[in-house]
>>> print(open('coords11.pdb').read())   # PDB, C-alpha atoms, pLDDT in the B column
MODEL        1
ATOM      1  CA  MET N   1     152.823 -26.475  70.818  1.00 74.00           C
ATOM      2  CA  VAL N   2     154.618 -28.274  73.658  1.00 85.00           C
ATOM      3  CA  VAL N   3     152.138 -31.154  73.530  1.00 89.00           C
ATOM      4  CA  GLN N   4     152.462 -31.556  69.762  1.00 92.00           C
ATOM      5  CA  GLU N   5     156.268 -31.571  70.076  1.00 92.00           C
ATOM      6  CA  LEU N   6     155.960 -34.323  72.686  1.00 92.00           C
ATOM      7  CA  LEU N   7     153.691 -36.420  70.517  1.00 92.00           C
ATOM      8  CA  ASP N   8     155.982 -35.977  67.504  1.00 95.00           C
ATOM      9  CA  LYS N   9     159.039 -37.050  69.507  1.00 95.00           C
ATOM     10  CA  LEU N  10     157.130 -39.944  71.078  1.00 95.00           C
ATOM     11  CA  GLU N  11     156.611 -41.531  67.641  1.00 94.00           C
ATOM     12  CA  THR N  12     160.275 -42.598  67.507  1.00 95.00           C
ATOM     13  CA  SER N  13     161.001 -42.909  71.233  1.00 96.00           C
ATOM     14  CA  THR N  14     161.374 -46.125  73.218  1.00 96.00           C
ATOM     15  CA  LYS N  15     160.765 -44.404  76.560  1.00 97.00           C
ATOM     16  CA  PRO N  16     158.419 -41.690  77.880  1.00 98.00           C
ATOM     17  CA  VAL N  17     159.045 -38.162  76.633  1.00 97.00           C
ATOM     18  CA  ALA N  18     158.862 -35.139  78.968  1.00 96.00           C
ATOM     19  CA  ARG N  19     158.981 -31.387  78.407  1.00 95.00           C
ATOM     20  CA  VAL N  20     158.950 -28.506  80.859  1.00 95.00           C
ATOM     21  CA  TYR N  21     155.992 -26.264  80.093  1.00 95.00           C
ATOM     22  CA  PHE N  22     156.528 -23.674  82.845  1.00 96.00           C
ATOM     23  CA  LYS N  23     159.218 -23.112  85.446  1.00 96.00           C
ATOM     24  CA  SER N  24     159.743 -20.547  88.198  1.00 96.00           C
ATOM     25  CA  ASP N  25     161.804 -20.536  91.396  1.00 93.00           C
ATOM     26  CA  GLN N  26     159.044 -22.309  93.317  1.00 93.00           C
ATOM     27  CA  PHE N  27     156.860 -24.113  90.764  1.00 95.00           C
ATOM     28  CA  LYS N  28     157.197 -26.286  87.668  1.00 96.00           C
ATOM     29  CA  ILE N  29     154.754 -27.829  85.157  1.00 97.00           C
ATOM     30  CA  ILE N  30     155.930 -30.773  83.064  1.00 97.00           C
ATOM     31  CA  PHE N  31     154.043 -32.719  80.384  1.00 97.00           C
ATOM     32  CA  ILE N  32     154.915 -36.417  79.995  1.00 98.00           C
ATOM     33  CA  ALA N  33     153.784 -38.524  77.022  1.00 97.00           C
ATOM     34  CA  PHE N  34     153.742 -42.328  76.955  1.00 98.00           C
ATOM     35  CA  LYS N  35     153.011 -45.034  74.441  1.00 97.00           C
ATOM     36  CA  ALA N  36     151.113 -47.994  75.867  1.00 98.00           C
ATOM     37  CA  GLY N  37     153.516 -50.250  77.763  1.00 98.00           C
ATOM     38  CA  MET N  38     156.158 -47.597  78.471  1.00 98.00           C
ATOM     39  CA  VAL N  39     157.567 -47.243  81.987  1.00 98.00           C
ATOM     40  CA  LEU N  40     158.895 -44.187  83.778  1.00 97.00           C
ATOM     41  CA  ASP N  41     161.423 -46.009  85.958  1.00 97.00           C
ATOM     42  CA  GLN N  42     161.752 -45.626  89.711  1.00 97.00           C
ATOM     43  CA  HIS N  43     162.824 -42.167  90.802  1.00 97.00           C
ATOM     44  CA  THR N  44     162.179 -39.546  93.479  1.00 96.00           C
ATOM     45  CA  ALA N  45     161.210 -35.888  93.366  1.00 92.00           C
ATOM     46  CA  ALA N  46     162.810 -33.273  95.597  1.00 92.00           C
ATOM     47  CA  MET N  47     159.537 -31.409  96.134  1.00 94.00           C
ATOM     48  CA  GLN N  48     155.817 -32.046  96.535  1.00 97.00           C
ATOM     49  CA  SER N  49     154.310 -33.102  93.194  1.00 98.00           C
ATOM     50  CA  ARG N  50     150.959 -33.937  91.626  1.00 98.00           C
ATOM     51  CA  LEU N  51     150.573 -36.246  88.636  1.00 98.00           C
ATOM     52  CA  MET N  52     147.385 -35.793  86.588  1.00 98.00           C
ATOM     53  CA  VAL N  53     146.418 -37.986  83.665  1.00 98.00           C
ATOM     54  CA  LEU N  54     145.056 -35.832  80.843  1.00 98.00           C
ATOM     55  CA  GLU N  55     144.545 -38.687  78.370  1.00 97.00           C
ATOM     56  CA  GLY N  56     144.913 -42.447  78.659  1.00 98.00           C
ATOM     57  CA  GLN N  57     145.489 -44.702  81.640  1.00 98.00           C
ATOM     58  CA  VAL N  58     148.533 -45.358  83.851  1.00 98.00           C
ATOM     59  CA  ASN N  59     149.488 -47.311  86.950  1.00 98.00           C
ATOM     60  CA  TYR N  60     151.264 -45.195  89.567  1.00 98.00           C
ATOM     61  CA  ILE N  61     153.378 -47.356  91.893  1.00 98.00           C
ATOM     62  CA  GLN N  62     154.679 -46.104  95.246  1.00 97.00           C
ATOM     63  CA  GLU N  63     156.068 -48.238  98.077  1.00 92.00           C
ATOM     64  CA  GLY N  64     154.534 -51.434  96.674  1.00 92.00           C
ATOM     65  CA  THR N  65     151.062 -49.922  96.211  1.00 97.00           C
ATOM     66  CA  THR N  66     149.634 -49.593  92.699  1.00 98.00           C
ATOM     67  CA  THR N  67     147.047 -46.914  91.949  1.00 98.00           C
ATOM     68  CA  LEU N  68     145.166 -46.983  88.651  1.00 98.00           C
ATOM     69  CA  LEU N  69     144.790 -43.487  87.183  1.00 98.00           C
ATOM     70  CA  ASN N  70     142.384 -42.836  84.308  1.00 98.00           C
ATOM     71  CA  ALA N  71     141.961 -39.635  82.325  1.00 98.00           C
ATOM     72  CA  HIS N  72     141.382 -36.676  84.684  1.00 98.00           C
ATOM     73  CA  ASP N  73     142.507 -38.612  87.790  1.00 98.00           C
ATOM     74  CA  TYR N  74     145.429 -37.332  89.830  1.00 98.00           C
ATOM     75  CA  ILE N  75     147.628 -38.381  92.714  1.00 98.00           C
ATOM     76  CA  ASP N  76     149.766 -36.336  95.089  1.00 98.00           C
ATOM     77  CA  ILE N  77     153.394 -37.459  95.338  1.00 97.00           C
ATOM     78  CA  PRO N  78     155.329 -36.690  98.529  1.00 96.00           C
ATOM     79  CA  PRO N  79     158.932 -35.530  98.196  1.00 96.00           C
ATOM     80  CA  HIS N  80     161.755 -38.069  98.392  1.00 96.00           C
ATOM     81  CA  ILE N  81     159.470 -41.110  97.911  1.00 96.00           C
ATOM     82  CA  ILE N  82     160.484 -43.703  95.320  1.00 97.00           C
ATOM     83  CA  HIS N  83     157.793 -44.130  92.682  1.00 98.00           C
ATOM     84  CA  GLU N  84     157.286 -45.167  89.055  1.00 98.00           C
ATOM     85  CA  VAL N  85     154.646 -44.898  86.342  1.00 98.00           C
ATOM     86  CA  HIS N  86     153.522 -47.649  83.935  1.00 98.00           C
ATOM     87  CA  SER N  87     151.414 -46.648  80.938  1.00 98.00           C
ATOM     88  CA  LEU N  88     148.545 -49.007  80.153  1.00 98.00           C
ATOM     89  CA  GLN N  89     147.403 -46.963  77.146  1.00 98.00           C
ATOM     90  CA  ASP N  90     148.867 -44.169  75.052  1.00 97.00           C
ATOM     91  CA  SER N  91     148.805 -41.434  77.696  1.00 98.00           C
ATOM     92  CA  LEU N  92     149.501 -37.779  78.323  1.00 98.00           C
ATOM     93  CA  CYS N  93     150.164 -36.624  81.881  1.00 98.00           C
ATOM     94  CA  MET N  94     150.802 -33.294  83.545  1.00 98.00           C
ATOM     95  CA  LEU N  95     153.160 -33.136  86.520  1.00 98.00           C
ATOM     96  CA  THR N  96     153.145 -30.113  88.783  1.00 98.00           C
ATOM     97  CA  GLN N  97     155.905 -29.604  91.336  1.00 97.00           C
ATOM     98  CA  GLY N  98     156.275 -27.048  94.091  1.00 93.00           C
ATOM     99  CA  HIS N  99     153.896 -24.756  95.875  1.00 78.00           C
TER     100      HIS N  99
ENDMDL
END
>>> encode(input="coords11.pdb", output="structure tokens")
Amino acid sequence: MVVQELLDKLETSTKPVARVYFKSDQFKIIFIAFKAGMVLDQHTAAMQSRLMVLEGQVNYIQEGTTTLLNAHDYIDIPPHIIHEVHSLQDSLCMLTQGH
């Protein structure tokens, strides 16, 4: 249901769409949907995170290094590091934060 809501909202959005799927005091799961060409602008996360591409293809950029992530690839994101995500295809990602 969360994923379908994301995809419905994405149809009329000009930027990536995110929804919290699960949240506790120490852990959070977020789904992020992109159309090809969309950018999740530079930002930081307060806690350890992992970005996994469920569908599509994105470039993850951190400290000048670009990492290509295809479906089922993931990357660990340290806290307080500036990073951004560029979607190369229509994509669905899952972000986990915490421990």
>>> residues_around(input="coords11.pdb", residues="range 28-34 of chain N", least_positions_apart="4", cutoff="12 Å", atoms="all atoms listed in the file", output="mmCIF file with C-alpha atoms, keeping the file's coordinate frame")
data_model
loop_
_atom_site.group_PDB
_atom_site.id
_atom_site.type_symbol
_atom_site.label_atom_id
_atom_site.label_comp_id
_atom_site.auth_asym_id
_atom_site.auth_seq_id
_atom_site.Cartn_x
_atom_site.Cartn_y
_atom_site.Cartn_z
ATOM 1 C CA MET N 1 152.823 -26.475 70.818
ATOM 2 C CA VAL N 2 154.618 -28.274 73.658
ATOM 3 C CA VAL N 3 152.138 -31.154 73.530
ATOM 4 C CA GLN N 4 152.462 -31.556 69.762
ATOM 5 C CA GLU N 5 156.268 -31.571 70.076
ATOM 6 C CA LEU N 6 155.960 -34.323 72.686
ATOM 7 C CA LEU N 7 153.691 -36.420 70.517
ATOM 8 C CA ASP N 8 155.982 -35.977 67.504
ATOM 9 C CA LYS N 9 159.039 -37.050 69.507
ATOM 10 C CA LEU N 10 157.130 -39.944 71.078
ATOM 11 C CA GLU N 11 156.611 -41.531 67.641
ATOM 12 C CA THR N 12 160.275 -42.598 67.507
ATOM 13 C CA SER N 13 161.001 -42.909 71.233
ATOM 14 C CA THR N 14 161.374 -46.125 73.218
ATOM 15 C CA LYS N 15 160.765 -44.404 76.560
ATOM 16 C CA PRO N 16 158.419 -41.690 77.880
ATOM 17 C CA VAL N 17 159.045 -38.162 76.633
ATOM 18 C CA ALA N 18 158.862 -35.139 78.968
ATOM 19 C CA ARG N 19 158.981 -31.387 78.407
ATOM 20 C CA VAL N 20 158.950 -28.506 80.859
ATOM 21 C CA TYR N 21 155.992 -26.264 80.093
ATOM 22 C CA PHE N 22 156.528 -23.674 82.845
ATOM 23 C CA LYS N 23 159.218 -23.112 85.446
ATOM 24 C CA SER N 24 159.743 -20.547 88.198
ATOM 25 C CA MET N 38 156.158 -47.597 78.471
ATOM 26 C CA VAL N 39 157.567 -47.243 81.987
ATOM 27 C CA LEU N 40 158.895 -44.187 83.778
ATOM 28 C CA ALA N 45 161.210 -35.888 93.366
ATOM 29 C CA ALA N 46 162.810 -33.273 95.597
ATOM 30 C CA MET N 47 159.537 -31.409 96.134
ATOM 31 C CA GLN N 48 155.817 -32.046 96.535
ATOM 32 C CA SER N 49 154.310 -33.102 93.194
ATOM 33 C CA ARG N 50 150.959 -33.937 91.626
ATOM 34 C CA LEU N 51 150.573 -36.246 88.636
ATOM 35 C CA MET N 52 147.385 -35.793 86.588
ATOM 36 C CA VAL N 53 146.418 -37.986 83.665
ATOM 37 C CA LEU N 54 145.056 -35.832 80.843
ATOM 38 C CA GLU N 55 144.545 -38.687 78.370
ATOM 39 C CA GLY N 56 144.913 -42.447 78.659
ATOM 40 C CA GLN N 57 145.489 -44.702 81.640
ATOM 41 C CA VAL N 58 148.533 -45.358 83.851
ATOM 42 C CA ASN N 59 149.488 -47.311 86.950
ATOM 43 C CA VAL N 85 154.646 -44.898 86.342
ATOM 44 C CA HIS N 86 153.522 -47.649 83.935
ATOM 45 C CA SER N 87 151.414 -46.648 80.938
ATOM 46 C CA LEU N 88 148.545 -49.007 80.153
ATOM 47 C CA GLN N 89 147.403 -46.963 77.146
ATOM 48 C CA ASP N 90 148.867 -44.169 75.052
ATOM 49 C CA SER N 91 148.805 -41.434 77.696
ATOM 50 C CA LEU N 92 149.501 -37.779 78.323
ATOM 51 C CA CYS N 93 150.164 -36.624 81.881
ATOM 52 C CA MET N 94 150.802 -33.294 83.545
ATOM 53 C CA LEU N 95 153.160 -33.136 86.520
ATOM 54 C CA THR N 96 153.145 -30.113 88.783
ATOM 55 C CA GLN N 97 155.905 -29.604 91.336
ATOM 56 C CA GLY N 98 156.275 -27.048 94.091
ATOM 57 C CA HIS N 99 153.896 -24.756 95.875
#
>>> atom_distance(input="coords11.pdb", atom1="CA of Asp25 in chain N", atom2="CA of Ile61 in chain N")
28.1 Å
>>> resolve_selection(input="coords11.pdb", expression="the PyMOL selection byres ((chain N and resi 82) around 12)", output="PyMOL selection string")
chain N and resi 40-46+60-65+77-81+83-85
>>> axis_aligned_box(input="coords11.pdb", around="range 11-23 of chain N", padding_each_side="5 Å", output="JSON")
{"center_x": 158.7, "center_y": -34.6, "center_z": 76.5, "size_x": 15.4, "size_y": 33.0, "size_z": 27.9}
>>> decode(input="coords11.pdb", residues="range 17-99 of chain N", atoms="C-alpha atoms", output="mmCIF file, in the first residue's frame")
data_model
loop_
_atom_site.group_PDB
_atom_site.id
_atom_site.type_symbol
_atom_site.label_atom_id
_atom_site.label_comp_id
_atom_site.auth_asym_id
_atom_site.auth_seq_id
_atom_site.Cartn_x
_atom_site.Cartn_y
_atom_site.Cartn_z
ATOM 1 C CA VAL N 17 8.635 11.145 -3.217
ATOM 2 C CA ALA N 18 9.369 9.497 0.154
ATOM 3 C CA ARG N 19 7.205 7.759 2.744
ATOM 4 C CA VAL N 20 8.064 6.313 6.133
ATOM 5 C CA TYR N 21 7.143 2.637 6.176
ATOM 6 C CA PHE N 22 8.251 1.826 9.738
ATOM 7 C CA LYS N 23 9.591 3.888 12.614
ATOM 8 C CA SER N 24 10.711 3.080 16.151
ATOM 9 C CA ASP N 25 12.964 4.863 18.646
ATOM 10 C CA GLN N 26 16.081 3.325 17.106
ATOM 11 C CA PHE N 27 15.204 2.313 13.536
ATOM 12 C CA LYS N 28 13.402 3.680 10.486
ATOM 13 C CA ILE N 29 12.510 2.316 7.022
ATOM 14 C CA ILE N 30 11.708 4.790 4.254
ATOM 15 C CA PHE N 31 10.711 4.106 0.639
ATOM 16 C CA ILE N 32 11.787 6.682 -1.968
ATOM 17 C CA ALA N 33 10.422 6.738 -5.531
ATOM 18 C CA PHE N 34 12.046 8.569 -8.443
ATOM 19 C CA LYS N 35 11.243 9.266 -12.055
ATOM 20 C CA ALA N 36 14.242 9.062 -14.371
ATOM 21 C CA GLY N 37 16.283 12.259 -14.092
ATOM 22 C CA MET N 38 15.079 13.256 -10.617
ATOM 23 C CA VAL N 39 17.615 14.303 -7.981
ATOM 24 C CA LEU N 40 17.494 13.955 -4.216
ATOM 25 C CA ASP N 41 19.558 17.048 -3.414
ATOM 26 C CA GLN N 42 22.551 17.138 -1.096
ATOM 27 C CA HIS N 43 21.709 16.371 2.510
ATOM 28 C CA THR N 44 23.028 14.517 5.555
ATOM 29 C CA ALA N 45 21.561 11.877 7.838
ATOM 30 C CA ALA N 46 21.946 11.982 11.609
ATOM 31 C CA MET N 47 22.394 8.216 11.890
ATOM 32 C CA GLN N 48 23.934 5.286 10.031
ATOM 33 C CA SER N 49 21.881 4.499 6.914
ATOM 34 C CA ARG N 50 21.716 1.993 4.072
ATOM 35 C CA LEU N 51 20.243 2.796 0.665
ATOM 36 C CA MET N 52 19.056 -0.199 -1.380
ATOM 37 C CA VAL N 53 17.732 0.042 -4.912
ATOM 38 C CA LEU N 54 14.681 -2.196 -5.292
ATOM 39 C CA GLU N 55 13.926 -1.235 -8.902
ATOM 40 C CA GLY N 56 15.738 0.931 -11.428
ATOM 41 C CA GLN N 57 19.163 2.533 -11.378
ATOM 42 C CA VAL N 58 20.615 5.503 -9.465
ATOM 43 C CA ASN N 59 23.917 7.286 -8.967
ATOM 44 C CA TYR N 60 24.812 7.789 -5.303
ATOM 45 C CA ILE N 61 27.252 10.686 -4.859
ATOM 46 C CA GLN N 62 29.280 11.198 -1.676
ATOM 47 C CA GLU N 63 32.322 13.449 -1.265
ATOM 48 C CA GLY N 64 32.892 13.684 -5.028
ATOM 49 C CA THR N 65 32.679 9.919 -5.599
ATOM 50 C CA THR N 66 29.851 8.521 -7.728
ATOM 51 C CA THR N 67 28.660 4.954 -7.189
ATOM 52 C CA LEU N 68 26.303 3.356 -9.702
ATOM 53 C CA LEU N 69 23.590 1.315 -7.971
ATOM 54 C CA ASN N 70 21.410 -1.094 -9.952
ATOM 55 C CA ALA N 71 18.393 -3.028 -8.722
ATOM 56 C CA HIS N 72 19.273 -4.992 -5.555
ATOM 57 C CA ASP N 73 22.531 -3.067 -4.969
ATOM 58 C CA TYR N 74 23.014 -1.155 -1.737
ATOM 59 C CA ILE N 75 25.428 1.269 -0.139
ATOM 60 C CA ASP N 76 26.055 2.123 3.504
ATOM 61 C CA ILE N 77 25.874 5.834 4.327
ATOM 62 C CA PRO N 78 27.818 7.136 7.334
ATOM 63 C CA PRO N 79 26.135 9.706 9.571
ATOM 64 C CA HIS N 80 26.728 13.412 8.960
ATOM 65 C CA ILE N 81 28.210 12.914 5.459
ATOM 66 C CA ILE N 82 26.863 15.076 2.634
ATOM 67 C CA HIS N 83 25.432 12.947 -0.158
ATOM 68 C CA GLU N 84 22.879 13.023 -2.980
ATOM 69 C CA VAL N 85 21.064 10.597 -5.266
ATOM 70 C CA HIS N 86 20.470 10.974 -9.025
ATOM 71 C CA SER N 87 17.958 8.652 -10.677
ATOM 72 C CA LEU N 88 19.021 7.313 -14.066
ATOM 73 C CA GLN N 89 15.805 5.321 -14.528
ATOM 74 C CA ASP N 90 12.408 5.229 -12.858
ATOM 75 C CA SER N 91 13.505 3.827 -9.497
ATOM 76 C CA LEU N 92 12.269 2.638 -6.136
ATOM 77 C CA CYS N 93 14.673 2.640 -3.194
ATOM 78 C CA MET N 94 14.490 1.558 0.420
ATOM 79 C CA LEU N 95 16.412 3.529 3.039
ATOM 80 C CA THR N 96 17.043 2.027 6.446
ATOM 81 C CA GLN N 97 18.347 4.176 9.288
ATOM 82 C CA GLY N 98 19.513 3.237 12.755
ATOM 83 C CA HIS N 99 20.630 0.035 14.366
#
